[in-house]
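Step one of this worksheet: look at the structure below.
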Amino acid sequence: MAKHRIDRRTLLRGLAGSTVAVSAASLTGALPAAATDESNGRLIPQGHMGIQLYSVRDKISQLGFAAVFEELSRIGYREVEFAGYTQGGGAITPEQIRQLLDDNGLKAAGSHRGLNDFRTNLEWELDVAETLGMPALGTAQAPTGDRTISGYQKAATEFNAWGAAAAARGIKLYQHNHTIEFSFATDRPDVRLYDLFLELTDPRYVFLEMDILWAYGGARKYPGFRPVDYVNAQPHRFPLFHVKDGVSLPDPQQGNSYLDVEFGAGVIPFADFFGELKGGGRFEYLWEQDTGPSAQPNPPGSLGAAERSYQRMLNLRGDR
């Protein structure tokens, strides 16, 4: 058994290194040495650094949760956010996943589920969240594809009901943004949909996970706001961040307006964003990279990207 663990770690470290590291180094330079002082201007608390598992989906599919959790724990991550409960890694139960989390000193920060999962199987979703010890459960889908005032009113009614059911079991229901949520209602071009969703949903029951890159994308495509101002206005409603970096696409209206890259290889002013956060919130900082540097659907060297991004997040400093 011990020999299997050593072999597996050797395999993981081989998979973590790749030519991706060379391309990232060309963008960012060598990694700084990890600091040991927990204060000293550090902007992201080490104990609240996590990862959205979609970022390493290729390795989970190849190796399974057990091997990937072991490697993430070695890197230093302490929290994970799920993007499905198998991710191509084979049949596994929530109880088995919980045991693997516990074995590797990891906690489940949340999970991305579909709107139809909540509509058709909400109690089961909450059961799984409880089994995994998740304090929050969410979706990466827009509240609705109907970008009218009435469409968002109907969506808010659904979210309020789901959120109340989740709150009754001590769980926070959250919605994760892309850029489209920052656009304007098709029947009221003076009403920003993100503002409308915040207004229509009950702050006791409905929370937000700000994907920082896509929020900056929203500000680039649909100007008129600063992402950090939303958090500072209602910090208790933003328990989770997606700490995702990116480079600007030539056309601001293309896609989400940015192409995501490893943390530290992009242009998002994270030191400014985190440095401006006011008190009143307790945040979890989850690294995510949707695609590889060449926009491959399954990023090569994803564990290497996860390690380099972790170190850069750890060493992010504000003004001293």
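Naming scheme: A, B, ... for chains in displayed order of the structure tokens; residues 1 onward per chain; ligands 1 onward as shown.
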Could you go through region 124-283 of chain A and tell me which residues DSSP, when run on the backbone, assigns to strand (DSSP E), listing them as a PyMOL selection string? chain A and resi 136-139+172-176+184-185+188-192+206-211+240-243+245-248+258-261
Closest atom pairs, residues of region 111-191 of chain A within 6 Å of region 196-219 of chain A, only C-alpha atoms, as a Markdown table:
| residue | atom | partner | partner_atom | distance |
| --- | --- | --- | --- | --- |
| A:Ala156 | CA | A:Thr201 | CA | 5.3 |
| A:Asn160 | CA | A:Thr201 | CA | 6.0 |
| A:Gly163 | CA | A:Tyr205 | CA | 4.4 |
| A:Ala164 | CA | A:Tyr205 | CA | 5.4 |
| A:Leu173 | CA | A:Val206 | CA | 5.5 |
| A:Tyr174 | CA | A:Phe207 | CA | 4.4 |
| A:Gln175 | CA | A:Leu208 | CA | 5.0 |
| A:His176 | CA | A:Glu209 | CA | 4.7 |
| A:Asn177 | CA | A:Asp211 | CA | 5.9 |
| A:His178 | CA | A:Trp214 | CA | 5.0 |
| A:Thr179 | CA | A:Gly218 | CA | 4.3 |
| A:Phe182 | CA | A:Gly218 | CA | 5.4 |
Write out as CSV a residue-level contact list of region 134-156 of chain A versus region 113-126 of chain A with cut-off 12 Å: for each qualifying residue the closest pair of atoms and the distance in Å to one decimal, counting only C-alpha atoms, rows sorted by chain and residue number upward.
residue,atom,partner,partner_atom,distance
A:Met134,CA,A:Leu126,CA,9.3
A:Pro135,CA,A:Leu126,CA,10.3
A:Ala136,CA,A:Leu126,CA,9.5
A:Leu137,CA,A:Arg113,CA,7.7
A:Gly138,CA,A:Arg113,CA,6.1
A:Thr139,CA,A:Arg113,CA,4.8
A:Ala140,CA,A:Arg113,CA,7.1
A:Gln141,CA,A:Gly114,CA,6.8
A:Ala142,CA,A:Leu115,CA,8.9
A:Pro143,CA,A:Leu115,CA,8.1
A:Thr144,CA,A:Leu115,CA,8.9
A:Gly145,CA,A:Leu115,CA,11.3
A:Ala155,CA,A:Leu115,CA,10.1
Can you tell me which residues surround region 86-90 of chain A at a distance of at most 7 Å, considering only C-alpha atoms, apart from same-chain residues fewer than 2 positions away, and format the answer as a ChimeraX atom specification? /A:57,60-65,84,92
Return as a tab-separated table the residues of region 258-280 of chain A lying at most 10 Å from region 241-245 of chain A, together with the closest atom-to-atom pair for each and the distance in Å to one decimal, counting only C-alpha atoms, with rows in chain order and ascending residue number.
residue	atom	partner	partner_atom	distance
A:Tyr258	CA	A:Asp245	CA	8.8
A:Leu259	CA	A:Asp245	CA	8.4
A:Asp260	CA	A:Asp245	CA	5.6
A:Val261	CA	A:Asp245	CA	5.6
A:Glu262	CA	A:Asp245	CA	6.2
A:Phe263	CA	A:Asp245	CA	5.0
A:Gly264	CA	A:Asp245	CA	6.8
A:Ala265	CA	A:Asp245	CA	7.1
A:Gly266	CA	A:Asp245	CA	5.3
A:Val267	CA	A:Asp245	CA	7.0
A:Ile268	CA	A:Asp245	CA	5.9
A:Pro269	CA	A:Asp245	CA	9.0
A:Phe270	CA	A:Val243	CA	8.5
Residues from last step as file, C-alpha atoms, as a PDB file, in the first residue's frame:
ATOM      1  CA  TYR A 258     -11.503  37.874 -21.522  1.00  0.00           C
ATOM      2  CA  LEU A 259      -9.692  34.578 -22.063  1.00  0.00           C
ATOM      3  CA  ASP A 260      -8.832  32.952 -18.748  1.00  0.00           C
ATOM      4  CA  VAL A 261      -5.225  32.078 -17.919  1.00  0.00           C
ATOM      5  CA  GLU A 262      -3.251  30.977 -14.887  1.00  0.00           C
ATOM      6  CA  PHE A 263      -3.437  33.280 -11.896  1.00  0.00           C
ATOM      7  CA  GLY A 264      -0.769  35.961 -12.257  1.00  0.00           C
ATOM      8  CA  ALA A 265      -0.500  35.605 -16.034  1.00  0.00           C
ATOM      9  CA  GLY A 266      -3.382  37.954 -16.764  1.00  0.00           C
ATOM     10  CA  VAL A 267      -4.386  41.578 -16.371  1.00  0.00           C
ATOM     11  CA  ILE A 268      -7.018  41.521 -13.617  1.00  0.00           C
ATOM     12  CA  PRO A 269      -5.983  43.893 -10.779  1.00  0.00           C
ATOM     13  CA  PHE A 270      -6.469  41.455  -7.924  1.00  0.00           C
TER      14      PHE A 270
END
Counting only C-alpha atoms, closest pick from A:Ile149, A:Val191, A:Leu286, A:Val128 relative to Thr93 (chain A) is A:Val128
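Here CA of Ala109 (chain A) is placed at a distance of 21.1 Å from CA of Arg308 (chain A).
Of the residues under consideration (A:Leu303, A:Ala83, A:Ala161, A:Val231), A:Val231 shows the shortest atom-to-atom contact distance to Phe274 (chain A) when counting only C-alpha atoms.
Between Glu288 (chain A) and the residues A:Asn256, A:Gly246, A:Lys221, A:Phe238, the shortest atom-to-atom distance, using only C-alpha atoms, involves A:Gly246.
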For region 73-79 of chain A, find every residue with an atom within 8 Å (counting only C-alpha atoms), except residues of its own chain fewer than 5 positions away, and show them as number ranges by chain. A: 47-51, 104-109, 286, 307, 310
Going by DSSP on the backbone, which bits of region 18-149 of chain A are helix (DSSP H, G or I)? Write them as an MDAnalysis selection string, please. chainID A and resid 19:28 46:48 53:63 65:75 94:103 115:132 149
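If you measure from each of A:Trp287, A:Ala166, A:Gly280, A:Val80 to Gln234 (chain A) using only C-alpha atoms, the closest one turns out to be A:Gly280.
Between CA of Gln289 (chain A) and CA of Ala306 (chain A) there is a distance of 8.6 Å.
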For Thr148 (chain A), find every residue with an atom within 8 Å (counting only C-alpha atoms), except residues of its own chain fewer than 6 positions away, and show them as number ranges by chain. A: 185-188
